[in-house]
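Q: Here you go, work28.cif (mmCIF, C-alpha atoms):
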data_data
loop_
_atom_site.label_atom_id
_atom_site.label_comp_id
_atom_site.auth_asym_id
_atom_site.auth_seq_id
_atom_site.Cartn_x
_atom_site.Cartn_y
_atom_site.Cartn_z
CA MET Y 25 0.00 0.00 0.00
CA LEU Y 26 2.77 2.41 0.94
CA ARG Y 27 4.72 1.46 -2.20
CA ASN Y 28 1.68 2.20 -4.34
CA ARG Y 29 1.25 5.51 -2.62
CA LEU Y 30 4.90 6.41 -3.16
CA MET Y 31 4.62 5.54 -6.85
CA LEU Y 32 1.49 7.66 -7.13
CA VAL Y 33 3.22 10.59 -5.47
CA LEU Y 34 6.28 10.21 -7.69
CA GLY Y 35 3.96 10.29 -10.69
CA LEU Y 36 2.36 13.45 -9.39
CA VAL Y 37 5.75 15.09 -8.92
CA MET Y 38 6.70 14.23 -12.49
CA ILE Y 39 3.37 15.45 -13.88
CA ALA Y 40 3.55 18.68 -11.88
CA SER Y 41 7.10 19.36 -13.02
CA VAL Y 42 6.07 18.89 -16.65
CA VAL Y 43 3.08 21.20 -16.33
CA LEU Y 44 5.03 23.83 -14.48
CA ALA Y 45 7.73 23.68 -17.13
CA ALA Y 46 5.18 24.88 -19.66
CA CYS Y 47 5.99 28.45 -18.75
CA GLN Y 48 9.41 27.87 -20.33
CA PRO Y 49 8.73 26.44 -23.83
CA THR Y 50 11.10 23.71 -25.01
CA GLU Y 51 12.14 23.38 -28.64
CA VAL Y 52 13.37 20.20 -30.32
CA THR Y 53 15.11 21.06 -33.59
CA PRO Y 54 15.29 18.70 -36.58
CA GLU Y 55 19.08 18.49 -36.19
CA VAL Y 56 19.10 16.65 -32.85
CA SER Y 57 19.82 12.92 -32.79
CA GLU Y 58 17.25 10.27 -31.97
CA THR Y 59 18.96 9.70 -28.60
CA GLU Y 60 18.75 13.40 -27.76
CA VAL Y 61 15.08 13.49 -28.75
CA ALA Y 62 14.38 10.52 -26.47
CA THR Y 63 15.93 12.25 -23.45
CA ALA Y 64 14.76 15.81 -24.13
CA THR Y 65 12.16 17.57 -21.96
CA PRO Y 66 8.72 16.89 -23.51
CA VAL Y 67 6.96 19.76 -25.30
CA VAL Y 68 3.66 20.57 -23.61
CA PRO Y 69 0.96 23.07 -24.56
CA ALA Y 70 1.18 26.55 -23.09
CA THR Y 71 -1.04 27.28 -20.10
CA THR Y 72 -2.23 30.50 -18.54
CA ARG Y 73 -1.74 29.16 -15.01
CA HIS Y 74 1.47 29.97 -13.17
CA GLY Y 75 2.80 28.59 -9.90
CA GLY Y 76 0.64 26.27 -7.82
CA TRP Y 77 -2.62 24.59 -8.80
CA ALA Y 78 -4.91 26.16 -6.20
CA ASP Y 79 -6.38 29.65 -6.46
CA ALA Y 80 -5.96 30.23 -2.73
CA LEU Y 81 -4.42 28.65 0.35
CA VAL Y 82 -5.96 29.38 3.74
CA PHE Y 83 -3.78 28.62 6.78
CA THR Y 84 -5.04 28.22 10.34
CA GLY Y 85 -3.46 27.00 13.57
CA ASN Y 86 -4.60 24.05 15.65
CA PRO Y 87 -2.19 22.22 17.99
CA ASP Y 88 -4.75 19.53 18.88
CA MET Y 89 -4.28 16.52 16.61
CA GLU Y 90 -7.57 14.79 17.39
CA SER Y 91 -9.68 17.89 16.79
CA ALA Y 92 -7.79 18.64 13.57
CA ILE Y 93 -8.60 15.19 12.20
CA THR Y 94 -12.23 15.73 13.20
CA GLN Y 95 -12.16 19.01 11.27
CA ILE Y 96 -11.01 17.20 8.12
CA GLN Y 97 -13.76 14.63 8.56
CA ALA Y 98 -16.31 17.44 8.97
CA GLY Y 99 -15.08 19.27 5.86
CA GLU Y 100 -13.84 22.29 7.80
CA ILE Y 101 -10.19 21.91 6.74
CA ASP Y 102 -8.55 19.89 3.97
CA VAL Y 103 -4.98 19.24 5.14
CA TYR Y 104 -3.43 18.90 8.59
CA ALA Y 105 0.25 19.71 8.06
CA MET Y 106 1.60 18.76 11.47
CA SER Y 107 3.89 15.82 12.13
CA MET Y 108 2.00 13.26 14.17
CA SER Y 109 3.09 10.03 15.79
CA ASP Y 110 0.14 9.39 18.08
CA PRO Y 111 -0.92 5.75 17.58
CA ASN Y 112 -4.58 6.45 18.38
CA VAL Y 113 -4.81 9.29 15.88
CA PHE Y 114 -3.01 7.12 13.33
CA ALA Y 115 -5.61 4.37 13.79
CA THR Y 116 -8.40 6.89 13.22
CA VAL Y 117 -6.83 8.10 9.98
CA GLN Y 118 -6.19 4.57 8.71
CA ALA Y 119 -9.78 3.52 9.40
CA ASP Y 120 -11.41 6.40 7.50
CA PRO Y 121 -11.62 5.85 3.70
CA ASN Y 122 -12.16 9.57 3.22
CA LEU Y 123 -8.76 10.37 4.74
CA GLU Y 124 -5.32 9.90 3.26
CA TYR Y 125 -1.90 10.27 4.88
CA THR Y 126 1.77 10.53 4.03
CA ALA Y 127 4.63 9.11 6.10
CA GLY Y 128 8.00 10.71 6.80
CA VAL Y 129 11.20 9.73 8.59
CA GLY Y 130 12.86 13.13 9.03
CA VAL Y 131 11.34 14.19 12.37
CA PHE Y 132 13.25 13.66 15.60
CA ASP Y 133 12.88 14.62 19.27
CA ALA Y 134 15.50 15.56 21.84
CA TYR Y 135 16.13 17.29 25.15
CA LEU Y 136 17.80 20.65 24.59
CA PHE Y 137 19.74 21.88 27.63
CA ASN Y 138 20.61 25.34 28.82
CA PRO Y 139 24.43 25.17 29.04
CA VAL Y 140 24.99 28.07 31.48
CA PRO Y 141 26.48 26.62 34.73
CA LEU Y 142 25.50 29.48 37.05
CA PHE Y 143 22.57 31.79 36.36
CA ASN Y 144 22.62 35.52 37.01
CA ASP Y 145 20.72 35.14 40.29
CA GLY Y 146 23.23 32.59 41.62
CA ARG Y 147 21.22 29.42 40.95
CA LEU Y 148 23.21 26.35 39.93
CA ASN Y 149 22.31 24.72 36.63
CA PRO Y 150 23.49 21.09 36.65
CA PHE Y 151 23.10 20.95 32.87
CA GLY Y 152 25.86 23.50 32.53
CA TYR Y 153 28.25 20.58 33.00
CA ALA Y 154 28.86 18.17 30.13
CA GLU Y 155 29.49 15.25 32.50
CA ILE Y 156 25.97 15.54 33.92
CA ARG Y 157 24.35 15.96 30.51
CA ALA Y 158 26.18 12.92 29.17
CA ALA Y 159 25.29 10.87 32.25
CA LEU Y 160 21.60 11.54 31.64
CA ASN Y 161 21.78 9.26 28.61
CA HIS Y 162 21.93 6.39 31.11
CA CYS Y 163 18.74 7.65 32.80
CA ILE Y 164 16.67 7.54 29.61
CA SER Y 165 15.14 4.37 28.21
CA ARG Y 166 14.45 5.36 24.63
CA GLU Y 167 12.75 2.02 24.01
CA PHE Y 168 10.32 2.78 26.86
CA LEU Y 169 9.51 6.21 25.43
CA ILE Y 170 8.69 4.71 22.04
CA SER Y 171 6.61 1.78 23.29
CA GLU Y 172 4.82 3.61 26.10
CA TYR Y 173 4.10 6.99 24.53
CA MET Y 174 4.34 6.48 20.75
CA GLY Y 175 2.78 3.09 20.18
CA GLY Y 176 5.99 1.95 18.49
CA LEU Y 177 6.04 4.80 15.94
CA GLY Y 178 9.69 5.62 16.46
CA ILE Y 179 13.28 4.38 16.46
CA PRO Y 180 15.79 5.03 19.29
CA ARG Y 181 18.20 7.84 18.46
CA TYR Y 182 21.45 8.41 20.34
CA VAL Y 183 23.52 10.45 17.92
CA THR Y 184 23.11 13.55 15.81
CA LEU Y 185 22.80 11.52 12.58
CA THR Y 186 19.35 10.56 11.29
CA GLY Y 187 18.81 6.83 11.14
CA SER Y 188 17.41 6.79 7.58
CA PHE Y 189 20.11 8.97 6.02
CA PRO Y 190 23.36 7.92 4.30
CA ASP Y 191 25.84 9.08 6.95
CA TYR Y 192 24.18 6.93 9.61
CA ALA Y 193 24.78 3.86 7.45
CA ARG Y 194 28.38 4.93 6.75
CA TYR Y 195 29.25 5.16 10.44
CA VAL Y 196 26.86 2.64 11.93
CA ASP Y 197 29.68 0.76 13.66
CA ALA Y 198 30.74 3.89 15.55
CA ILE Y 199 27.10 4.62 16.37
CA ARG Y 200 26.50 1.13 17.70
CA ALA Y 201 29.46 1.60 20.02
CA MET Y 202 27.83 4.76 21.42
CA GLU Y 203 24.51 2.99 21.88
CA ALA Y 204 26.29 0.37 23.97
CA GLU Y 205 28.37 2.84 25.95
CA TYR Y 206 25.42 5.10 26.80
CA ALA Y 207 22.74 2.41 27.21
CA TYR Y 208 20.00 2.74 29.81
CA ASN Y 209 21.51 2.17 33.25
CA PRO Y 210 19.88 4.29 35.98
CA THR Y 211 22.34 3.14 38.64
CA LEU Y 212 25.29 4.32 36.57
CA CYS Y 213 23.44 7.53 35.77
CA GLU Y 214 23.02 8.39 39.44
CA GLU Y 215 26.61 7.45 40.27
CA LYS Y 216 28.04 9.73 37.58
CA ILE Y 217 25.75 12.64 38.43
CA THR Y 218 26.41 12.30 42.16
CA ALA Y 219 30.16 12.35 41.57
CA LYS Y 220 30.00 15.54 39.51
CA MET Y 221 27.49 17.29 41.76
CA THR Y 222 29.68 16.57 44.78
CA GLU Y 223 32.75 17.80 42.92
CA ILE Y 224 31.18 21.20 42.17
CA GLY Y 225 30.00 21.66 45.76
CA ALA Y 226 26.33 20.67 45.72
CA VAL Y 227 25.02 18.69 48.70
CA LYS Y 228 21.96 16.63 49.51
CA ASP Y 229 19.74 17.65 52.42
CA ALA Y 230 18.18 15.35 54.99
CA ASN Y 231 15.39 14.51 52.56
CA GLY Y 232 17.79 13.43 49.86
CA LYS Y 233 17.24 16.54 47.74
CA TRP Y 234 20.11 18.27 45.97
CA THR Y 235 20.80 21.78 47.23
CA TRP Y 236 23.09 24.66 46.31
CA GLU Y 237 24.15 27.07 49.04
CA GLY Y 238 21.25 25.85 51.17
CA ASP Y 239 18.51 26.15 48.52
CA PRO Y 240 16.90 23.28 46.60
CA ILE Y 241 18.13 22.89 43.04
CA VAL Y 242 15.01 23.32 40.92
CA ILE Y 243 15.08 22.13 37.33
CA ILE Y 244 12.75 24.17 35.10
CA GLY Y 245 11.48 22.08 32.21
CA ILE Y 246 9.80 23.81 29.27
CA ILE Y 247 7.61 20.96 28.04
CA ARG Y 248 5.67 21.05 24.77
CA ASN Y 249 2.11 19.76 25.08
CA GLU Y 250 1.12 19.14 21.43
CA ASP Y 251 2.58 15.66 21.01
CA GLU Y 252 4.60 12.90 22.68
CA ARG Y 253 7.05 15.46 24.03
CA GLU Y 254 4.66 16.22 26.87
CA GLN Y 255 5.21 12.67 28.11
CA PHE Y 256 8.93 12.87 27.30
CA GLY Y 257 9.27 15.96 29.49
CA GLY Y 258 7.37 14.36 32.35
CA TYR Y 259 9.54 11.26 32.06
CA LEU Y 260 12.76 13.27 32.39
CA CYS Y 261 11.40 15.06 35.43
CA ASP Y 262 10.49 11.70 36.97
CA GLN Y 263 14.06 10.47 36.43
CA LEU Y 264 15.55 13.65 37.86
CA GLU Y 265 13.33 13.61 40.92
CA ALA Y 266 14.26 9.98 41.55
CA ILE Y 267 17.90 11.03 42.02
CA GLY Y 268 17.22 14.04 44.23
CA PHE Y 269 16.37 17.03 42.03
CA THR Y 270 13.24 19.15 42.22
CA CYS Y 271 11.50 19.64 38.87
CA ASP Y 272 9.25 22.52 37.83
CA ARG Y 273 7.17 21.18 34.93
CA GLN Y 274 6.03 24.06 32.75
CA VAL Y 275 3.78 22.54 30.09
CA MET Y 276 2.90 24.81 27.16
CA THR Y 277 2.41 25.20 23.42
CA ARG Y 278 5.15 26.04 20.93
CA SER Y 279 4.06 29.68 20.75
CA GLU Y 280 4.28 29.98 24.52
CA ALA Y 281 7.57 28.09 24.73
CA SER Y 282 9.46 29.90 21.97
CA PRO Y 283 9.92 33.22 23.82
CA ILE Y 284 11.44 31.30 26.74
CA TRP Y 285 13.84 28.74 25.33
CA ALA Y 286 14.64 30.58 22.08
CA LEU Y 287 14.39 34.30 22.80
CA SER Y 288 15.25 34.72 26.48
CA ASP Y 289 18.76 35.31 27.83
CA ALA Y 290 20.08 31.89 28.81
CA ASN Y 291 21.95 33.47 31.73
CA ASP Y 292 18.63 34.49 33.32
CA GLY Y 293 17.78 30.82 33.79
CA GLU Y 294 14.19 30.81 32.62
CA PHE Y 295 14.65 27.18 31.65
CA ASN Y 296 17.01 24.27 32.28
CA PHE Y 297 15.75 21.97 29.55
CA TYR Y 298 13.32 22.10 26.66
CA THR Y 299 11.61 19.21 24.88
CA ALA Y 300 12.82 20.02 21.38
CA GLY Y 301 11.96 18.62 17.98
CA TRP Y 302 13.27 19.07 14.45
CA ILE Y 303 12.28 18.08 10.95
CA ASN Y 304 14.61 17.74 7.98
CA ASN Y 305 13.63 19.66 4.85
CA PHE Y 306 14.99 16.94 2.55
CA VAL Y 307 16.87 13.65 2.56
CA ASP Y 308 20.21 14.97 3.76
CA ARG Y 309 23.07 13.21 2.01
CA ASP Y 310 25.70 15.08 4.03
CA GLU Y 311 25.05 15.58 7.74
CA GLY Y 312 28.53 16.87 8.44
CA ASP Y 313 27.05 20.24 9.37
CA ALA Y 314 24.95 18.71 12.15
CA PHE Y 315 27.75 18.70 14.73
CA ALA Y 316 28.28 22.45 14.43
CA GLY Y 317 24.52 22.99 14.35
CA PHE Y 318 23.74 21.04 17.51
CA TYR Y 319 26.83 21.49 19.67
CA THR Y 320 28.39 24.88 18.89
CA SER Y 321 27.33 28.52 18.81
CA LEU Y 322 27.03 28.25 15.03
CA GLY Y 323 23.70 26.48 15.43
CA GLY Y 324 21.66 29.66 15.56
CA PRO Y 325 21.23 33.13 17.03
CA TYR Y 326 19.52 31.95 20.22
CA SER Y 327 21.17 32.84 23.52
CA SER Y 328 21.35 29.24 24.74
CA TYR Y 329 23.14 28.31 21.50
CA GLN Y 330 25.62 31.13 21.91
CA GLU Y 331 26.46 29.89 25.42
CA ARG Y 332 27.51 26.44 24.23
CA THR Y 333 31.07 25.54 25.17
CA PRO Y 334 32.32 22.45 23.33
CA THR Y 335 35.93 21.48 23.81
CA GLU Y 336 38.27 23.30 21.46
CA GLU Y 337 39.09 20.05 19.67
CA PHE Y 338 35.42 19.21 19.14
CA ARG Y 339 34.62 22.73 17.96
CA GLN Y 340 37.38 22.59 15.37
CA ILE Y 341 36.28 19.18 14.07
CA ALA Y 342 32.66 20.37 13.89
CA GLU Y 343 33.70 23.43 11.91
CA ASP Y 344 35.86 21.34 9.56
CA LEU Y 345 32.87 19.12 8.81
CA LEU Y 346 30.61 22.14 8.42
CA ASN Y 347 32.96 23.68 5.86
CA ASN Y 348 34.00 20.40 4.19
CA ASN Y 349 37.54 21.15 5.24
CA PHE Y 350 39.07 17.86 4.13
CA SER Y 351 40.77 16.61 0.99
CA THR Y 352 39.64 12.98 0.80
CA LEU Y 353 36.71 10.85 1.90
CA ALA Y 354 39.08 9.02 4.22
CA GLU Y 355 39.76 12.32 6.01
CA ARG Y 356 36.03 12.94 6.21
CA ASP Y 357 35.51 9.49 7.73
CA GLU Y 358 38.12 10.20 10.38
CA LEU Y 359 36.47 13.50 11.31
CA PHE Y 360 33.09 11.80 11.69
CA ARG Y 361 34.54 9.02 13.82
CA GLN Y 362 36.08 11.58 16.13
CA ALA Y 363 32.99 13.80 16.23
CA ILE Y 364 30.45 11.10 17.10
CA PRO Y 365 31.85 10.21 20.57
CA MET Y 366 32.70 13.87 21.26
CA ALA Y 367 29.07 14.80 20.62
CA MET Y 368 27.86 12.13 23.03
CA ALA Y 369 30.29 13.36 25.69
CA ASP Y 370 28.90 16.88 25.23
CA SER Y 371 25.16 16.06 24.94
CA VAL Y 372 23.99 19.68 25.09
CA VAL Y 373 21.35 18.20 22.81
CA LEU Y 374 20.39 14.73 24.04
CA HIS Y 375 18.77 12.89 21.14
CA LEU Y 376 15.85 10.56 21.86
CA VAL Y 377 13.91 9.20 18.89
CA ASP Y 378 13.54 9.32 15.13
CA THR Y 379 9.77 9.45 14.81
CA GLN Y 380 7.82 7.59 12.15
CA SER Y 381 5.44 10.47 11.67
CA PHE Y 382 2.49 11.08 9.38
CA MET Y 383 0.37 13.95 8.06
CA ALA Y 384 -3.29 13.64 7.09
CA PHE Y 385 -5.57 15.18 4.47
CA ASP Y 386 -8.83 14.80 2.59
CA SER Y 387 -8.64 11.89 0.18
CA ASP Y 388 -9.65 14.20 -2.70
CA ILE Y 389 -6.44 16.19 -2.21
CA GLN Y 390 -3.42 15.19 -4.27
CA THR Y 391 0.04 16.28 -3.18
CA SER Y 392 3.66 15.27 -3.28
CA PHE Y 393 5.69 14.79 -0.14
CA ASP Y 394 9.30 14.24 0.85
CA LEU Y 395 10.43 11.06 2.61
CA ALA Y 396 12.21 13.18 5.20
CA ALA Y 397 10.23 16.43 5.22
CA ASN Y 398 6.80 14.90 4.67
CA ILE Y 399 4.47 17.66 3.37
CA ALA Y 400 4.92 20.64 5.66
CA ALA Y 401 8.70 20.97 5.55
CA SER Y 402 9.14 20.00 1.91
CA TYR Y 403 9.94 22.23 -1.02
CA GLN Y 404 7.68 20.32 -3.44
CA TRP Y 405 4.22 20.73 -1.98
CA PRO Y 406 3.47 24.26 -3.32
CA TYR Y 407 3.91 22.98 -6.89
CA THR Y 408 1.83 19.84 -6.54
CA MET Y 409 -0.97 20.24 -3.98
CA ARG Y 410 -4.35 20.33 -5.69
CA TRP Y 411 -7.89 19.01 -5.67
CA GLU Y 412 -8.08 15.85 -7.74
CA GLY Y 413 -9.08 16.70 -11.31
CA VAL Y 414 -9.49 20.41 -10.53
CA GLU Y 415 -7.52 23.48 -11.54
CA GLY Y 416 -8.08 26.19 -8.97
CA GLY Y 417 -10.17 26.20 -5.85
CA THR Y 418 -9.21 26.85 -2.24
CA ILE Y 419 -7.24 24.50 -0.02
CA ARG Y 420 -7.54 24.97 3.75
CA ILE Y 421 -4.41 23.92 5.64
CA ALA Y 422 -4.16 23.68 9.41
CA GLN Y 423 -0.81 23.67 11.21
CA GLY Y 424 0.25 23.35 14.81
CA ALA Y 425 0.45 27.15 15.11
CA LEU Y 426 0.68 30.33 13.06
CA LEU Y 427 3.36 33.03 13.20
CA VAL Y 428 5.41 31.28 15.87
CA GLU Y 429 8.42 33.60 15.45
CA PRO Y 430 9.15 36.80 13.49
CA TRP Y 431 9.77 36.33 9.78
CA ASN Y 432 12.90 38.45 9.69
CA PRO Y 433 15.01 36.94 6.87
CA ILE Y 434 18.17 37.38 8.96
CA GLY Y 435 18.05 35.20 12.04
CA GLY Y 436 14.29 34.86 11.69
CA SER Y 437 11.96 31.95 12.25
CA ASN Y 438 13.23 28.40 11.96
CA TRP Y 439 9.83 26.84 12.68
CA VAL Y 440 8.27 24.43 10.21
CA ASP Y 441 4.91 26.19 10.65
CA ASP Y 442 6.35 29.48 9.43
CA GLY Y 443 8.56 27.85 6.82
CA MET Y 444 5.69 26.02 5.13
CA ILE Y 445 3.92 29.27 4.34
CA GLN Y 446 7.15 30.95 3.30
CA ARG Y 447 8.00 28.17 0.86
CA ALA Y 448 4.68 28.77 -0.89
CA THR Y 449 5.92 32.26 -1.78
CA LEU Y 450 9.39 31.26 -2.98
CA ASP Y 451 10.76 29.84 -6.21
CA GLY Y 452 14.30 28.52 -5.89
CA GLY Y 453 16.86 27.44 -8.40
CA VAL Y 454 16.44 23.73 -7.64
CA LEU Y 455 14.04 21.26 -6.07
CA TYR Y 456 15.18 18.38 -3.86
CA ASP Y 457 14.33 14.92 -5.07
CA PRO Y 458 11.86 13.63 -2.46
CA TYR Y 459 13.44 10.18 -2.41
CA THR Y 460 17.16 10.70 -2.85
CA GLY Y 461 17.94 14.25 -1.70
CA LEU Y 462 19.62 15.01 -5.01
CA VAL Y 463 18.56 18.22 -6.75
CA TRP Y 464 16.54 18.77 -9.89
CA PRO Y 465 16.75 22.07 -11.80
CA ARG Y 466 13.87 24.46 -11.24
CA GLN Y 467 14.88 27.97 -12.27
CA LEU Y 468 18.48 26.87 -12.64
CA LYS Y 469 19.32 25.67 -16.17
CA ALA Y 470 22.31 23.75 -17.37
CA LEU Y 471 24.69 25.74 -19.51
CA SER Y 472 25.51 24.12 -22.84
#
What would you get if you wrote out this structure as structure tokens?
A:
Amino acid sequence: MLRNRLMLVLGLVMIASVVLAACQPTEVTPEVSETEVATATPVVPATTRHGGWADALVFTGNPDMESAITQIQAGEIDVYAMSMSDPNVFATVQADPNLEYTAGVGVFDAYLFNPVPLFNDGRLNPFGYAEIRAALNHCISREFLISEYMGGLGIPRYVTLTGSFPDYARYVDAIRAMEAEYAYNPTLCEEKITAKMTEIGAVKDANGKWTWEGDPIVIIGIIRNEDEREQFGGYLCDQLEAIGFTCDRQVMTRSEASPIWALSDANDGEFNFYTAGWINNFVDRDEGDAFAGFYTSLGGPYSSYQERTPTEEFRQIAEDLLNNNFSTLAERDELFRQAIPMAMADSVVLHLVDTQSFMAFDSDIQTSFDLAANIAASYQWPYTMRWEGVEGGTIRIAQGALLVEPWNPIGGSNWVDDGMIQRATLDGGVLYDPYTGLVWPRQLKALS
């Protein structure tokens, strides 16, 4: 069934690309050879339509997955462009013949830590120490998270490389070593954290609670409530409280969370950890930039990113991979094999799961999707989304939220909700192949 759907989508992508190419007429001259004619771009009739198929796109925000699916069933919206991995919602979508869905493998969840050791008001932040962050890997059973909260719709993720992408396969032996070294072991987790907390001067009170200069050490968790990350955040707090910390669970939506974890000054200590999630925009054939993105200040303009302090050796390796500063593939391999354990030892981003997510829509909607980006984060959907057999019309698309961050083109929003709308207004030089991550020419033309 999935294979048939993928073939249908591939056909739609090819058809859409042919129709869209009509704006640039192709000529086949009598002088070309038979081989050249066979491989040339087909000539298609001119059309007065430009850009996407629909006359209008209407975007709304709805973070509640169940109600959004109900809205599609009631004919109030047509597409729900939010990554979902809730097994109950998935069962609802599968059971309804009037609903269709696409599956993607590019979404992943993680704990993102504030790396400032001591906040401006004197509070200790245990996650300011790499040893404690790394030790937390032993406190987390990724298999439990997937089975208990995701109904099996996920794969354990320890490293910064996505499990379905080429670099994961290239370095799977090094990754397996990390999975063994940082496997779930709560006893070892507590031993390592206790050793480091004692070293920096923290003490436990008579009730077994960690304190700093006589005050309880309170861990502020900014916990997203739209998906499985609400349970992930509660799980981490449970693990922390079991070893003597006090946890302040602040559960909120993405729009409420963004001003805290992304826009506040990390030194003010408005959060200690955030239940983060990312989605790839395409099948990434080169994840060398991921180490700089996740573990150094080059990851973004946010204050907590700017406060990251990798070792000098790790920072240099991450930058070399970011800039492809190597001469041979063997040198690249060596950089990756050094970076993978260094990233685990840093763990300022503690990876949890690669989700097997889906997006749902009315069965009369036709659209392409990317194996990594699904619909919302892809570059293809604006060219292909349409009502079956119809040119024009209005398509109503709901997302998790609207206008999550400012759309300043310099250091602006990095949210998929904002990016989906933005990509409907752009026309780049190339389009990513939704299956391979290679690029196809869009505005860019080969020079002969």
Q: When you draw a straight line from atom CA of Y:Tyr407 to atom CA of Y:Gly452, how long is it in Å?
A: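 Rounded to one decimal, the two atoms are 11.8 Å apart.
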Q: Starting from the point (-8.4, 15.0, 13.2), work out which residues of protein, DNA or RNA have an atom no more than 12 Å away when counting all atoms listed in the file; state them as JSON, numbers by chain.
A: {"Y": [86, 87, 88, 89, 90, 91, 92, 93, 94, 95, 96, 97, 98, 99, 100, 101, 102, 103, 104, 105, 106, 108, 110, 112, 113, 114, 115, 116, 117, 118, 120, 122, 123, 124, 125, 383, 384, 385, 386, 422, 423]}
Q: List the neighbours of Y:Arg332 out to 8 Å using only C-alpha atoms; skip same-chain residues closer than 4 positions along the sequence, and give me the result as a list in words.
A: Pro139, Val140, Tyr319, Thr320, Ser321, Ser328 and Val372 of chain Y
Q: Place a sphere of radius 10 Å on (25.4, 18.5, 23.8) in the file coordinates and name every protein, DNA or RNA residue with an atom inside or on its surface, counting all atoms listed in the file; give the answer as a count of residues only.
A: 28
Q: Have a look at atom CA of Y:Ala286 and atom CA of Y:Ser327 and let me know their distance in Å, one decimal.
A: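 Pair atom CA of Y:Ala286 / atom CA of Y:Ser327 returns 7.1 Å.
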Q: From the list Y:Glu265, Y:Ile389, Y:Asp308, Y:Asp239, which residue is nearest Y:Tyr192 when using all atoms listed in the file?
A: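 Under the stated criterion, the closest residue is Y:Asp308.
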Q: Rank nothing, just name the residue among Y:Trp439, Y:Asp378, Y:Asp310, Y:Thr460 nearest to Y:Arg194, using all atoms listed in the file.
A: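 Residue with the minimum atom-to-atom distance to Y:Arg194: Y:Asp310.
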Q: Which is closer to Y:Gly238 than all the others in Y:Ala80, Y:Leu353, Y:Ala226, Y:Ala201, using all atoms listed in the file?
A: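 Residue with the minimum atom-to-atom distance to Y:Gly238: Y:Ala226.
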Q: Within 10 Å of Y:Ala448, counting only C-alpha atoms, which residues qualify if same-chain residues fewer than 4 places away don't, as a ChimeraX atom specification?
A: /Y:75-76,81,403-407,443-444
Q: Rank Y:Gly146, Y:Asn291, Y:Leu376, Y:Ala204 by their smallest atom-to-atom distance to Y:Gly257, using all atoms listed in the file, and report the top residue only.
A: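 Distance minimum relative to Y:Gly257 lands on Y:Leu376.
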Q: Which centre and edge lengths in Å to one decimal define the box along x, y and z that fits every listed atom of stretch 184-197 of chain Y plus 8 Å per side, as JSON?
A:
{"center_x": 23.5, "center_y": 7.2, "center_z": 10.1, "size_x": 28.3, "size_y": 28.8, "size_z": 27.5}
Q: Can you tell me, as a PyMOL selection string, what residues are no more than 12 Å from Y:Ser437 when counting only C-alpha atoms, ignoring any on the same chain fewer than 3 positions away?
A: chain Y and resi 279+282-283+286-287+324-326+426-434+440-446
Q: Quick one: residues within 10 Å of Y:Leu462, only C-alpha atoms, excluding same-chain residues fewer than 6 positions away - as a PyMOL selection string?
A: chain Y and resi 306-309+454-456
Q: Write out as a ChimeraX atom specification each polymer residue whose atoms come within 8 Å of Y:Ile246, counting only C-alpha atoms; drop sequence neighbours fewer than 3 positions from it.
A: /Y:257,273-276,281,285,295-299
Q: May I have the residues from that selection written out with C-alpha atoms, as a PDB file, in the coordinates of the input?
A:
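So the final result, stored in out-v8.pdb, reads:
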ATOM      1  CA  GLY Y 257       9.270  15.960  29.490  1.00  0.00           C
ATOM      2  CA  ARG Y 273       7.170  21.180  34.930  1.00  0.00           C
ATOM      3  CA  GLN Y 274       6.030  24.060  32.750  1.00  0.00           C
ATOM      4  CA  VAL Y 275       3.780  22.540  30.090  1.00  0.00           C
ATOM      5  CA  MET Y 276       2.900  24.810  27.160  1.00  0.00           C
ATOM      6  CA  ALA Y 281       7.570  28.090  24.730  1.00  0.00           C
ATOM      7  CA  TRP Y 285      13.840  28.740  25.330  1.00  0.00           C
ATOM      8  CA  PHE Y 295      14.650  27.180  31.650  1.00  0.00           C
ATOM      9  CA  ASN Y 296      17.010  24.270  32.280  1.00  0.00           C
ATOM     10  CA  PHE Y 297      15.750  21.970  29.550  1.00  0.00           C
ATOM     11  CA  TYR Y 298      13.320  22.100  26.660  1.00  0.00           C
ATOM     12  CA  THR Y 299      11.610  19.210  24.880  1.00  0.00           C
TER      13      THR Y 299
END
Q: Please indicate the distance in Å from atom CA of Y:Asp344 to atom CA of Y:Leu322, rounded to one decimal place.
A: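 Rounded to one decimal, the two atoms are 12.5 Å apart.
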Q: Taking into account only C-alpha atoms, which residue in the set Y:Arg166, Y:Arg410, Y:Arg181, Y:Lys228 is nearest to Y:Leu260?
A: Y:Arg166
